[in-house]
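K.L.:
Handing you this structure, nothing more for now.
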There are 2 protein chains.
Amino acid sequence: MKINGTHYRTIWPDADNPKIIRIIDQRHLPHRFVIEDLRTVDDFAAAIQEMHVRGAGLIGATAGFGMYSAVLAAPHDRVDSFLQQAAEKLIATRPTATNLAWAVQRQLAALTTEATLEAKREKAFAIACEIADEDAEFCRRLGEHGLEIIKEIAAKKNGEPVNILTHCNAGWLAFVDYGSATAPIYAAHREGIDVHVWVDETRPWLQGAKLTAWELSKEGVAHTLIADNTGGHLMQHGQIDMVIVGTDRTTYTGDVANKIGTYLKALAAKDNNIPFYVALPSSTFDWQITDGVKEIPIEERSGNEVKYVTGITAEGKTETVLIAPEETRAANYGFDVTPSRLITGLITERGVTAAHKEAILALYPEHR
Amino acid sequence: MKINGTHYRTIWPDADNPKIIRIIDQRHLPHRFVIEDLRTVDDFAAAIQEMHVRGAGLIGATAGFGMYSAVLAAPHDRVDSFLQQAAEKLIATRPTATNLAWAVQRQLAALTTEATLEAKREKAFAIACEIADEDAEFCRRLGEHGLEIIKEIAAKKNGEPVNILTHCNAGWLAFVDYGSATAPIYAAHREGIDVHVWVDETRPWLQGAKLTAWELSKEGVAHTLIADNTGGHLMQHGQIDMVIVGTDRTTYTGDVANKIGTYLKALAAKDNNIPFYVALPSSTFDWQITDGVKEIPIEERSGNEVKYVTGITAEGKTETVLIAPEETRAANYGFDVTPSRLITGLITERGVTAAHKEAILALYPEHR
């Protein structure tokens with residue numbers, strides 16, 4: 001993705017010293033573009049937990065490089081136990097995201113086959129880069145599949161823009177490049193299809209207001225920011241043609257964990273006969289769990305993320321303000337689960353599938 | 001309602017000079033308790049439009065006193081045209097609220113029967129006080145009816161708290177006293193029933209975070225603030241026993257206009273078999289309109305109310321921060337309409353009724 005003329009991914013090894021991994025510290029967007037260097041496992045764990053990076057694919061890629069940093073720091077005499085500790089530390093940072101454990105396990109499995117520490121180091125770097133490259137490539141491909149759906153809707157709109165609602169940020173900032181929910185939108189925009197995106201601001205973290213609006217603005221895609229409460233009203237009045245969201249974990253039975261509030265939009269889409277799509281690279285599938293609502297652990301974060309809002313003042317200073325009585329308690333659930341029955345289709349790197357077990361396993365027969 | 005030991009209504013004539021009408025300027029809550037004096041029709045119109053006061057009943061009561069201020073200022077030679085202008089100015093301030101036009105029309109109808117300006121002045125003051133008193137009394141009564149519903153739920157909870165979700169502020173700050181959605185909650189709390197309220201923060205204006213949380217805190221009712229996105233997840237997990245909201249306009253066919261986002265919560269309640277109640281004094285019924293979704297005008301306000309958030313800094317200073325890219329456009333719809341099919345019942349001052357035409361007209365036969 002280009003920012004002010006320069007191509008960026010969301011995570012990359014430093015060109016001069018690839019032992020240093022660089023990320024965009026997303027906490028400062030949209031007002032400041034800050035690049036941060038990560039060196040130690042603790043750096044990586046903090047970056048994930050404190051949301052310098054976030055989003056399904058990017059959490060996975062960051063964990064992949066985090067395991068590489070663990071191998072770099074591992075003492076010769078106890079490599080395995082050191083890596084195991086690093087793996088546990090990284091996995092514990094965010095409980096809902098599948099890609100996190102998936103990337104860590106992929107590293108552990110690959111590293112056991114290497115005998116020497118030197119070989120493990122080379123392997124860990126190669127695997128981390130492979131996870132990142134694959135994430136970008138899978139997002140690019142799912143964008144092509146999603147583009148076909150947008151084309152079909154555009155064909156019925158007689159030149160009117162295709163209005164797409166999205167929730168949270170499943171953009172290139174949530175992956176290594178392209179994004180999941182945004183990949184079909186960017187592909188459509190590049191093909192000259194007139195798309196307009198309704199951007200849910202996505203409380204409490206405001207990923208929509210701060211990240212998705214910024215991405216779309218940089219890409220020149222028409223968009224309008226709305227409070228999360230607004231989508232139902234827009235759907236009732238024919239102002240939304242389709243919904244595309246991302247996901248942090250999707251069961252192989254088609255239940256979708258995504259940013260809190262996604263379920264409410266899926267209900268409204270169903271009530272108004274509007275197609276509701278979820279875009280994901282296959283790394284986000286959970287091949288073990290069958291009942292998403294009952295079984296996917298939902299992260300609870302600090303209530304202060306609800307009570308305090310950060311932005312910039314008229315003077316351009318970053319400031320945090322309290323928006324509720326000091327004594328009021330707030331609860332902060334990070335995700336909800338949308339049951340498969342509300343989902344029109346899953347857009348993956350292998351194509352679009354219905355959100356149920358048989359269809360998903362037909363596309364991924366290796367998981368039967 | 002008591003604030004720090006003193007009983008307040010939300011609007012009242014000054015004890016020393018009843019030509020001055022006093023309100024709580026709600027824009028400063030919860031951080032500052034500011035009382036404002038209103039004297040001219042322009043003061044009243046600005047107080048409604050700029051949301052110093054808001055909420056169905058309080059908008060009506062304010063408009064009632066606003067018409068009194070118009071009579072006070074009316075020149076002897078053109079009273080009627082002056083009042084007509086004042087009426088139009090007040091009605092134009094907020095398009096969705098029914099109580100506004102209802103209160104203004106009630107004043108106009110009463111004033112035509114008075115011959116002299118002096119008699120009109122006395123009458124206008126009497127009617128304004130009557131509207132305010134009736135609003136408080138109707139809210140008290142609907143609280144008693146709603147209490148019975150809470151008692152029934154409490155009886156099945158074996159001493160566990162009754163968990164009630166509410167959206168926006170339909171509390172005493174939205175009426176003259178008691179509130180609509182909160183009246184049954186306050187009645188239950190006073191009877192010693194263990195109630196806990198999930199408070200939707202209610203973006204973009206944050207009436208839940210700023211007003212409902214403050215009210216409940218002052219009354220000592222247990223509550224937890226949540227982002228608007230959260231209710232669906234809580235319902236899926238059995239953490240909500242009932243929903244009670246207010247309304248700005250309800251058709252006699254049972255469609256409910258209320259703060260944007262209400263429709264999404266009604267869909268989630270239906271999907272999880274959770275009772276969804278709407279509390280309203282009869283002044284909020286629209287006896288003309290039959291299709292709420294198609295016919296109720298929905299107010300659009302400035303997108304800046306989405307892009308900027310006001311609160312207090314750590315130093316206690318009121319500050320406004322930008323939370324999105326400067327160049328991003330935002331849309332700001334104030335209300336949505338929940339179709340009657342999603343509503344379990346309407347709690348009115350005459351009792352609880354199903355949300356359909358026959359049941360509503362059976363309770364209000366004078367509108368047949």
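FYI, nothing fancy with the structure tokens labels: chains A, B, ... in order, residues from 1 per chain, ligands from 1 as they appear.
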Enumerate the residues of segment 28-243 of chain A with a DSSP assignment of strand (DSSP E or B), computed from the backbone, and present them as a list in words.
P.N.:
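Filtering segment 28-243 of chain A to strand (DSSP E or B) leaves Ile35, Glu36, Asp37, Leu38, Val162, Asn163, Ile164, Leu165, Thr166, Val195, His196, Val197, Trp198, Val199, Asp200, Ala222, His223, Thr224, Leu225, Ile226, Met242 and Val243 of chain A.
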K.L.:
Would you list the contacts of Ile296 of chain B as a PDB file with C-alpha atoms, in the first residue's frame, taking every protein, DNA or RNA residue within 12 Å and counting only C-alpha atoms, but skipping same-chain residues closer than 4 positions in sequence?
P.N.:
ATOM      1  CA  PRO B  95     -37.819  17.319  13.460  1.00  0.00           C
ATOM      2  CA  THR B  96     -38.197  13.851  14.985  1.00  0.00           C
ATOM      3  CA  ALA B  97     -39.564  14.611  18.476  1.00  0.00           C
ATOM      4  CA  THR B  98     -43.372  14.481  18.681  1.00  0.00           C
ATOM      5  CA  ASP B 248     -39.089  10.342  20.560  1.00  0.00           C
ATOM      6  CA  ARG B 249     -42.142   9.405  18.514  1.00  0.00           C
ATOM      7  CA  THR B 250     -44.279   6.258  18.449  1.00  0.00           C
ATOM      8  CA  THR B 251     -46.946   5.709  15.805  1.00  0.00           C
ATOM      9  CA  ASP B 255     -43.495   1.713  15.338  1.00  0.00           C
ATOM     10  CA  VAL B 256     -40.933   3.396  17.575  1.00  0.00           C
ATOM     11  CA  ALA B 257     -38.539   6.189  16.621  1.00  0.00           C
ATOM     12  CA  ASN B 258     -35.772   6.384  19.168  1.00  0.00           C
ATOM     13  CA  PHE B 285     -47.712   9.020  20.420  1.00  0.00           C
ATOM     14  CA  ASP B 286     -48.191  10.236  16.881  1.00  0.00           C
ATOM     15  CA  GLN B 288     -51.508  10.421  12.369  1.00  0.00           C
ATOM     16  CA  ILE B 289     -48.696   8.300  10.982  1.00  0.00           C
ATOM     17  CA  THR B 290     -49.136   4.583  10.243  1.00  0.00           C
ATOM     18  CA  ASP B 291     -45.718   3.503   8.864  1.00  0.00           C
ATOM     19  CA  GLY B 292     -42.911   4.658  11.133  1.00  0.00           C
ATOM     20  CA  PHE B 335     -32.737   8.377  15.211  1.00  0.00           C
ATOM     21  CA  ASP B 336     -33.877   5.115  13.734  1.00  0.00           C
ATOM     22  CA  VAL B 337     -37.247   3.402  13.685  1.00  0.00           C
ATOM     23  CA  THR B 338     -37.863   0.028  15.303  1.00  0.00           C
ATOM     24  CA  PRO B 339     -40.781  -1.757  13.607  1.00  0.00           C
TER      25      PRO B 339
END
K.L.:
Please identify all polymer residues within 9 Å of segment 21-34 of chain A, counting only C-alpha atoms, omitting same-chain residues fewer than 2 positions from it, and present them as a PDB file with N, CA, C and O atoms, in the first residue's frame.
P.N.:
ATOM      1  N   ARG A   9       4.580  -2.179   3.680  1.00  0.00           N
ATOM      2  CA  ARG A   9       3.809  -3.224   4.324  1.00  0.00           C
ATOM      3  C   ARG A   9       3.633  -2.780   5.783  1.00  0.00           C
ATOM      4  O   ARG A   9       4.184  -1.755   6.187  1.00  0.00           O
ATOM      5  N   THR A  10       2.881  -3.550   6.564  1.00  0.00           N
ATOM      6  CA  THR A  10       2.668  -3.169   7.965  1.00  0.00           C
ATOM      7  C   THR A  10       3.770  -3.689   8.874  1.00  0.00           C
ATOM      8  O   THR A  10       3.887  -3.274  10.024  1.00  0.00           O
ATOM      9  N   ILE A  11       4.583  -4.644   8.350  1.00  0.00           N
ATOM     10  CA  ILE A  11       5.704  -5.207   9.129  1.00  0.00           C
ATOM     11  C   ILE A  11       6.779  -5.647   8.138  1.00  0.00           C
ATOM     12  O   ILE A  11       6.450  -6.195   7.083  1.00  0.00           O
ATOM     13  N   TRP A  12       8.056  -5.355   8.467  1.00  0.00           N
ATOM     14  CA  TRP A  12       9.137  -5.729   7.545  1.00  0.00           C
ATOM     15  C   TRP A  12      10.470  -5.724   8.297  1.00  0.00           C
ATOM     16  O   TRP A  12      10.645  -4.971   9.267  1.00  0.00           O
ATOM     17  N   PRO A  13      11.422  -6.577   7.843  1.00  0.00           N
ATOM     18  CA  PRO A  13      12.751  -6.547   8.446  1.00  0.00           C
ATOM     19  C   PRO A  13      13.500  -5.304   7.954  1.00  0.00           C
ATOM     20  O   PRO A  13      13.361  -4.936   6.788  1.00  0.00           O
ATOM     21  N   ASP A  14      14.247  -4.683   8.839  1.00  0.00           N
ATOM     22  CA  ASP A  14      15.026  -3.505   8.452  1.00  0.00           C
ATOM     23  C   ASP A  14      16.010  -3.889   7.337  1.00  0.00           C
ATOM     24  O   ASP A  14      16.661  -4.940   7.407  1.00  0.00           O
ATOM     25  N   ASN A  17      19.661  -4.025   8.768  1.00  0.00           N
ATOM     26  CA  ASN A  17      19.873  -5.013   9.827  1.00  0.00           C
ATOM     27  C   ASN A  17      18.598  -5.825  10.027  1.00  0.00           C
ATOM     28  O   ASN A  17      17.731  -5.461  10.823  1.00  0.00           O
ATOM     29  N   PRO A  18      18.470  -6.934   9.304  1.00  0.00           N
ATOM     30  CA  PRO A  18      17.200  -7.681   9.337  1.00  0.00           C
ATOM     31  C   PRO A  18      16.893  -8.338  10.687  1.00  0.00           C
ATOM     32  O   PRO A  18      15.841  -8.953  10.835  1.00  0.00           O
ATOM     33  N   LYS A  19      17.802  -8.192  11.659  1.00  0.00           N
ATOM     34  CA  LYS A  19      17.454  -8.665  13.009  1.00  0.00           C
ATOM     35  C   LYS A  19      16.493  -7.691  13.688  1.00  0.00           C
ATOM     36  O   LYS A  19      15.871  -8.016  14.693  1.00  0.00           O
ATOM     37  N   GLU A  36       8.072   1.873  14.392  1.00  0.00           N
ATOM     38  CA  GLU A  36       8.707   1.407  15.632  1.00  0.00           C
ATOM     39  C   GLU A  36       9.599   0.207  15.330  1.00  0.00           C
ATOM     40  O   GLU A  36       9.245  -0.628  14.491  1.00  0.00           O
ATOM     41  N   ASP A  37      10.720   0.109  16.009  1.00  0.00           N
ATOM     42  CA  ASP A  37      11.623  -1.039  15.863  1.00  0.00           C
ATOM     43  C   ASP A  37      11.363  -2.043  16.985  1.00  0.00           C
ATOM     44  O   ASP A  37      11.304  -1.666  18.149  1.00  0.00           O
ATOM     45  N   LEU A  38      11.221  -3.321  16.618  1.00  0.00           N
ATOM     46  CA  LEU A  38      11.039  -4.379  17.616  1.00  0.00           C
ATOM     47  C   LEU A  38      12.285  -5.262  17.603  1.00  0.00           C
ATOM     48  O   LEU A  38      12.771  -5.658  16.541  1.00  0.00           O
ATOM     49  N   ARG A  39      12.788  -5.586  18.817  1.00  0.00           N
ATOM     50  CA  ARG A  39      14.023  -6.370  18.907  1.00  0.00           C
ATOM     51  C   ARG A  39      13.864  -7.620  19.763  1.00  0.00           C
ATOM     52  O   ARG A  39      14.400  -8.665  19.451  1.00  0.00           O
ATOM     53  N   ALA A  47       3.842  -5.084  21.717  1.00  0.00           N
ATOM     54  CA  ALA A  47       3.282  -4.497  20.493  1.00  0.00           C
ATOM     55  C   ALA A  47       1.931  -5.116  20.154  1.00  0.00           C
ATOM     56  O   ALA A  47       1.015  -4.427  19.693  1.00  0.00           O
ATOM     57  N   GLU A  50      -0.622  -4.345  23.513  1.00  0.00           N
ATOM     58  CA  GLU A  50      -1.002  -2.933  23.648  1.00  0.00           C
ATOM     59  C   GLU A  50      -1.436  -2.326  22.313  1.00  0.00           C
ATOM     60  O   GLU A  50      -1.585  -1.119  22.179  1.00  0.00           O
ATOM     61  N   MET A  51      -1.606  -3.192  21.329  1.00  0.00           N
ATOM     62  CA  MET A  51      -2.221  -2.822  20.062  1.00  0.00           C
ATOM     63  C   MET A  51      -1.457  -1.745  19.274  1.00  0.00           C
ATOM     64  O   MET A  51      -2.077  -0.914  18.624  1.00  0.00           O
ATOM     65  N   HIS A  52      -0.110  -1.833  19.307  1.00  0.00           N
ATOM     66  CA  HIS A  52       0.661  -1.076  18.319  1.00  0.00           C
ATOM     67  C   HIS A  52       0.336  -1.686  16.955  1.00  0.00           C
ATOM     68  O   HIS A  52       0.267  -0.992  15.956  1.00  0.00           O
ATOM     69  N   VAL A  53       0.215  -3.014  16.941  1.00  0.00           N
ATOM     70  CA  VAL A  53      -0.296  -3.744  15.782  1.00  0.00           C
ATOM     71  C   VAL A  53      -1.558  -4.480  16.213  1.00  0.00           C
ATOM     72  O   VAL A  53      -1.711  -4.823  17.383  1.00  0.00           O
ATOM     73  N   ARG A  54      -2.481  -4.674  15.291  1.00  0.00           N
ATOM     74  CA  ARG A  54      -3.711  -5.426  15.575  1.00  0.00           C
ATOM     75  C   ARG A  54      -4.258  -5.926  14.253  1.00  0.00           C
ATOM     76  O   ARG A  54      -3.750  -5.560  13.190  1.00  0.00           O
ATOM     77  N   THR A  62       3.258 -10.729  13.039  1.00  0.00           N
ATOM     78  CA  THR A  62       4.077 -10.192  14.134  1.00  0.00           C
ATOM     79  C   THR A  62       4.540 -11.319  15.058  1.00  0.00           C
ATOM     80  O   THR A  62       5.705 -11.356  15.486  1.00  0.00           O
ATOM     81  N   PHE A  65       7.448 -13.161  13.383  1.00  0.00           N
ATOM     82  CA  PHE A  65       8.730 -12.479  13.578  1.00  0.00           C
ATOM     83  C   PHE A  65       9.134 -12.479  15.057  1.00  0.00           C
ATOM     84  O   PHE A  65      10.327 -12.484  15.380  1.00  0.00           O
ATOM     85  N   GLY A  66       8.151 -12.480  15.950  1.00  0.00           N
ATOM     86  CA  GLY A  66       8.455 -12.544  17.380  1.00  0.00           C
ATOM     87  C   GLY A  66       9.183 -13.844  17.724  1.00  0.00           C
ATOM     88  O   GLY A  66      10.139 -13.842  18.516  1.00  0.00           O
ATOM     89  N   SER A  69      12.703 -13.483  16.723  1.00  0.00           N
ATOM     90  CA  SER A  69      13.486 -12.729  17.719  1.00  0.00           C
ATOM     91  C   SER A  69      13.835 -13.621  18.912  1.00  0.00           C
ATOM     92  O   SER A  69      14.897 -13.460  19.530  1.00  0.00           O
ATOM     93  N   LEU A 173      -3.900  -2.398   7.104  1.00  0.00           N
ATOM     94  CA  LEU A 173      -3.290  -2.212   8.419  1.00  0.00           C
ATOM     95  C   LEU A 173      -3.538  -3.400   9.351  1.00  0.00           C
ATOM     96  O   LEU A 173      -2.866  -3.549  10.361  1.00  0.00           O
ATOM     97  N   ALA A 209     -12.745   4.816  12.596  1.00  0.00           N
ATOM     98  CA  ALA A 209     -12.496   6.260  12.480  1.00  0.00           C
ATOM     99  C   ALA A 209     -11.019   6.554  12.288  1.00  0.00           C
ATOM    100  O   ALA A 209     -10.641   7.449  11.528  1.00  0.00           O
ATOM    101  N   LYS A 210     -10.182   5.798  13.000  1.00  0.00           N
ATOM    102  CA  LYS A 210      -8.757   6.132  13.012  1.00  0.00           C
ATOM    103  C   LYS A 210      -7.965   5.428  11.915  1.00  0.00           C
ATOM    104  O   LYS A 210      -6.981   5.975  11.426  1.00  0.00           O
ATOM    105  N   LEU A 211      -8.352   4.196  11.566  1.00  0.00           N
ATOM    106  CA  LEU A 211      -7.531   3.415  10.636  1.00  0.00           C
ATOM    107  C   LEU A 211      -8.200   3.232   9.267  1.00  0.00           C
ATOM    108  O   LEU A 211      -7.612   3.527   8.236  1.00  0.00           O
ATOM    109  N   ALA A 213     -10.800   4.803   7.872  1.00  0.00           N
ATOM    110  CA  ALA A 213     -11.014   6.077   7.185  1.00  0.00           C
ATOM    111  C   ALA A 213      -9.690   6.604   6.627  1.00  0.00           C
ATOM    112  O   ALA A 213      -9.629   7.128   5.508  1.00  0.00           O
ATOM    113  N   TRP A 214      -8.615   6.424   7.384  1.00  0.00           N
ATOM    114  CA  TRP A 214      -7.291   6.887   6.941  1.00  0.00           C
ATOM    115  C   TRP A 214      -6.811   6.116   5.718  1.00  0.00           C
ATOM    116  O   TRP A 214      -6.369   6.713   4.730  1.00  0.00           O
ATOM    117  N   GLU A 215      -6.944   4.770   5.775  1.00  0.00           N
ATOM    118  CA  GLU A 215      -6.562   3.924   4.634  1.00  0.00           C
ATOM    119  C   GLU A 215      -7.319   4.308   3.372  1.00  0.00           C
ATOM    120  O   GLU A 215      -6.745   4.463   2.302  1.00  0.00           O
ATOM    121  N   GLY A 311      -7.564  11.698  21.096  1.00  0.00           N
ATOM    122  CA  GLY A 311      -7.579  12.315  19.773  1.00  0.00           C
ATOM    123  C   GLY A 311      -6.641  13.501  19.799  1.00  0.00           C
ATOM    124  O   GLY A 311      -5.800  13.612  20.691  1.00  0.00           O
ATOM    125  N   ILE A 312      -6.791  14.396  18.827  1.00  0.00           N
ATOM    126  CA  ILE A 312      -5.935  15.591  18.859  1.00  0.00           C
ATOM    127  C   ILE A 312      -6.788  16.840  19.061  1.00  0.00           C
ATOM    128  O   ILE A 312      -7.929  16.930  18.604  1.00  0.00           O
ATOM    129  N   GLY A 316      -3.434  20.590  17.756  1.00  0.00           N
ATOM    130  CA  GLY A 316      -2.650  19.482  17.226  1.00  0.00           C
ATOM    131  C   GLY A 316      -1.970  18.629  18.281  1.00  0.00           C
ATOM    132  O   GLY A 316      -1.150  17.769  17.975  1.00  0.00           O
ATOM    133  N   THR A 318      -1.901  15.673  21.107  1.00  0.00           N
ATOM    134  CA  THR A 318      -2.613  14.447  21.463  1.00  0.00           C
ATOM    135  C   THR A 318      -3.116  14.567  22.898  1.00  0.00           C
ATOM    136  O   THR A 318      -2.347  14.911  23.797  1.00  0.00           O
TER     137      THR A 318
ATOM    138  N   ILE B 323     -11.123  12.635  16.338  1.00  0.00           N
ATOM    139  CA  ILE B 323     -10.808  11.200  16.418  1.00  0.00           C
ATOM    140  C   ILE B 323     -10.706  10.538  15.056  1.00  0.00           C
ATOM    141  O   ILE B 323     -10.642   9.310  14.969  1.00  0.00           O
ATOM    142  N   ALA B 324     -10.714  11.326  13.986  1.00  0.00           N
ATOM    143  CA  ALA B 324     -10.686  10.762  12.629  1.00  0.00           C
ATOM    144  C   ALA B 324      -9.821  11.671  11.770  1.00  0.00           C
ATOM    145  O   ALA B 324      -9.475  12.779  12.191  1.00  0.00           O
ATOM    146  N   PRO B 325      -9.491  11.223  10.555  1.00  0.00           N
ATOM    147  CA  PRO B 325      -8.749  12.140   9.684  1.00  0.00           C
ATOM    148  C   PRO B 325      -9.568  13.406   9.450  1.00  0.00           C
ATOM    149  O   PRO B 325     -10.782  13.341   9.256  1.00  0.00           O
ATOM    150  N   GLU B 326      -8.894  14.542   9.467  1.00  0.00           N
ATOM    151  CA  GLU B 326      -9.549  15.835   9.265  1.00  0.00           C
ATOM    152  C   GLU B 326     -10.421  15.834   8.003  1.00  0.00           C
ATOM    153  O   GLU B 326     -11.531  16.359   7.996  1.00  0.00           O
TER     154      GLU B 326
END
K.L.:
Taking only C-alpha atoms into account, produce a table as CSV in which each residue of chain A with an atom at most 7 Å from an atom of chain B appears once, together with its shortest atom pair and the distance in Å to one decimal, ordered by chain and rising number.
P.N.:
residue,atom,partner,partner_atom,distance
A:Pro30,CA,B:Pro325,CA,5.7
A:His31,CA,B:Pro325,CA,7.0
A:Arg203,CA,B:Ala227,CA,6.0
A:Pro204,CA,B:Ala227,CA,6.1
A:Ala209,CA,B:Ala324,CA,4.9
A:Lys210,CA,B:Ala324,CA,5.0
A:Ala213,CA,B:Thr328,CA,6.7
A:Trp214,CA,B:Pro325,CA,6.1
A:Thr224,CA,B:Ala330,CA,5.1
A:Leu225,CA,B:Ala330,CA,4.3
A:Ile226,CA,B:Ala331,CA,5.6
A:Ala227,CA,B:Arg203,CA,6.0
A:Asp228,CA,B:Asn229,CA,6.9
A:Asn229,CA,B:Gly261,CA,4.0
A:Thr230,CA,B:Gly261,CA,6.0
A:Gly232,CA,B:Leu264,CA,6.1
A:His233,CA,B:Asp336,CA,5.4
A:Ile260,CA,B:Asn229,CA,5.6
A:Gly261,CA,B:Asn229,CA,3.9
A:Tyr263,CA,B:Gly232,CA,6.6
A:Leu264,CA,B:Leu264,CA,5.8
A:Leu267,CA,B:Leu267,CA,6.4
A:Ala268,CA,B:Leu264,CA,6.6
A:Val306,CA,B:Ala227,CA,6.6
A:Gly311,CA,B:Ile323,CA,4.8
A:Ile312,CA,B:Val321,CA,4.8
A:Thr313,CA,B:Val321,CA,4.7
A:Thr320,CA,B:Thr313,CA,6.2
A:Val321,CA,B:Thr313,CA,4.7
A:Leu322,CA,B:Gly311,CA,5.1
A:Ile323,CA,B:Gly311,CA,4.8
A:Ala324,CA,B:Ala209,CA,4.9
A:Pro325,CA,B:Pro30,CA,5.7
A:Thr328,CA,B:Ala213,CA,6.7
A:Arg329,CA,B:Thr224,CA,5.2
A:Ala330,CA,B:Leu225,CA,4.3
A:Ala331,CA,B:Ile226,CA,5.6
A:Asn332,CA,B:Ile226,CA,6.6
A:Tyr333,CA,B:Thr230,CA,7.0
A:Asp336,CA,B:His233,CA,5.4
K.L.:
Take the residues just selected and output them with C-alpha atoms as an mmCIF file, in the first residue's frame.
P.N.:
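Saved to selection08.cif:
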data_model
loop_
_atom_site.group_PDB
_atom_site.id
_atom_site.type_symbol
_atom_site.label_atom_id
_atom_site.label_comp_id
_atom_site.auth_asym_id
_atom_site.auth_seq_id
_atom_site.Cartn_x
_atom_site.Cartn_y
_atom_site.Cartn_z
ATOM 1 C CA PRO A 30 -4.458 8.891 11.688
ATOM 2 C CA HIS A 31 -2.685 11.902 13.088
ATOM 3 C CA ARG A 203 -16.043 1.863 19.512
ATOM 4 C CA PRO A 204 -14.329 1.642 21.830
ATOM 5 C CA ALA A 209 -12.496 6.260 12.480
ATOM 6 C CA LYS A 210 -8.757 6.132 13.012
ATOM 7 C CA ALA A 213 -11.014 6.077 7.185
ATOM 8 C CA TRP A 214 -7.291 6.887 6.941
ATOM 9 C CA THR A 224 -18.352 8.267 5.004
ATOM 10 C CA LEU A 225 -17.703 7.798 8.708
ATOM 11 C CA ILE A 226 -20.700 6.833 10.875
ATOM 12 C CA ALA A 227 -21.379 5.955 14.499
ATOM 13 C CA ASP A 228 -21.736 2.176 14.945
ATOM 14 C CA ASN A 229 -25.424 2.740 15.734
ATOM 15 C CA THR A 230 -26.186 3.894 12.196
ATOM 16 C CA GLY A 232 -29.491 -0.506 10.682
ATOM 17 C CA HIS A 233 -31.108 2.775 9.689
ATOM 18 C CA ILE A 260 -17.669 -6.456 18.942
ATOM 19 C CA GLY A 261 -20.794 -5.200 17.162
ATOM 20 C CA TYR A 263 -23.280 -9.560 15.110
ATOM 21 C CA LEU A 264 -25.644 -6.559 15.305
ATOM 22 C CA LEU A 267 -28.807 -9.213 12.151
ATOM 23 C CA ALA A 268 -29.720 -5.960 10.404
ATOM 24 C CA VAL A 306 -14.503 2.851 26.966
ATOM 25 C CA GLY A 311 -7.579 12.315 19.773
ATOM 26 C CA ILE A 312 -5.935 15.591 18.859
ATOM 27 C CA THR A 313 -6.894 19.048 20.048
ATOM 28 C CA THR A 320 -7.072 11.908 26.318
ATOM 29 C CA VAL A 321 -10.459 12.886 27.734
ATOM 30 C CA LEU A 322 -12.827 11.214 30.202
ATOM 31 C CA ILE A 323 -16.360 10.909 28.747
ATOM 32 C CA ALA A 324 -18.249 9.379 31.707
ATOM 33 C CA PRO A 325 -18.500 9.877 35.456
ATOM 34 C CA THR A 328 -18.789 4.594 36.652
ATOM 35 C CA ARG A 329 -17.610 1.056 35.923
ATOM 36 C CA ALA A 330 -17.253 0.081 32.254
ATOM 37 C CA ALA A 331 -17.048 -3.352 30.619
ATOM 38 C CA ASN A 332 -15.086 -3.890 27.421
ATOM 39 C CA TYR A 333 -15.613 -7.082 25.411
ATOM 40 C CA ASP A 336 -18.640 -11.077 19.377
#
K.L.:
Take atom CA of Phe82 of chain B and atom CA of Glu130 of chain B and report the distance between them in Å, one decimal.
P.N.:
22.6 Å
K.L.:
Check the DSSP output for the backbone and give back, as a list of chain:residue names, the residues of segment 228-275 of chain A in helix (DSSP H, G or I).
P.N.:
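For segment 228-275 of chain A, the helix (DSSP H, G or I) set is A:Asp228, A:Asn229, A:Thr230, A:Gly231, A:Gly232, A:His233, A:Leu234, A:Met235, A:Gln236, A:Thr262, A:Tyr263, A:Leu264, A:Lys265, A:Ala266, A:Leu267, A:Ala268, A:Ala269, A:Lys270, A:Asp271.
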K.L.:
Interatomic distance between atom CA of Ala128 of chain A and atom CA of Ser180 of chain A?
P.N.:
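Here the two named atoms are 19.7 Å from each other.
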K.L.:
Compare B:Gly238, B:Pro275, B:Pro365, B:Pro297 by their minimum atom-to-atom distance to Tyr252 of chain B, counting only C-alpha atoms, and give me the closest one.
P.N.:
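Smallest separation from Tyr252 of chain B among the options: B:Pro365.
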K.L.:
Segment 105-112 of chain B: which residues within 9 Å, counting only C-alpha atoms, same-chain residues fewer than 2 positions away excluded, as a list in words?
P.N.:
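Near segment 105-112 of chain B, the qualifying residues are Gly64, Met67, Tyr68, Asp80, Leu83, Gln84, Ala87, Leu100, Ala101, Trp102, Ala103, Glu114, Ala115, Ala119, Lys120, Arg121, Lys123, Ala124, Ile127, Ala128 and Ile131 of chain B.
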K.L.:
Need to verify the contact set: Ala181 of chain B, 8 Å, only C-alpha atoms, exclusion of same-chain residues closer than 2 positions in sequence. Can you return it as number ranges by chain?
P.N.:
B: 166, 170-171, 179, 183-185, 244-246, 278-280
K.L.:
Work out how far atom CA of Asn304 of chain B is from atom CA of Thr93 of chain B, in Å to one decimal.
P.N.:
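Spanning atom CA of Thr93 of chain B to atom CA of Asn304 of chain B is a straight-line distance of 18.2 Å.
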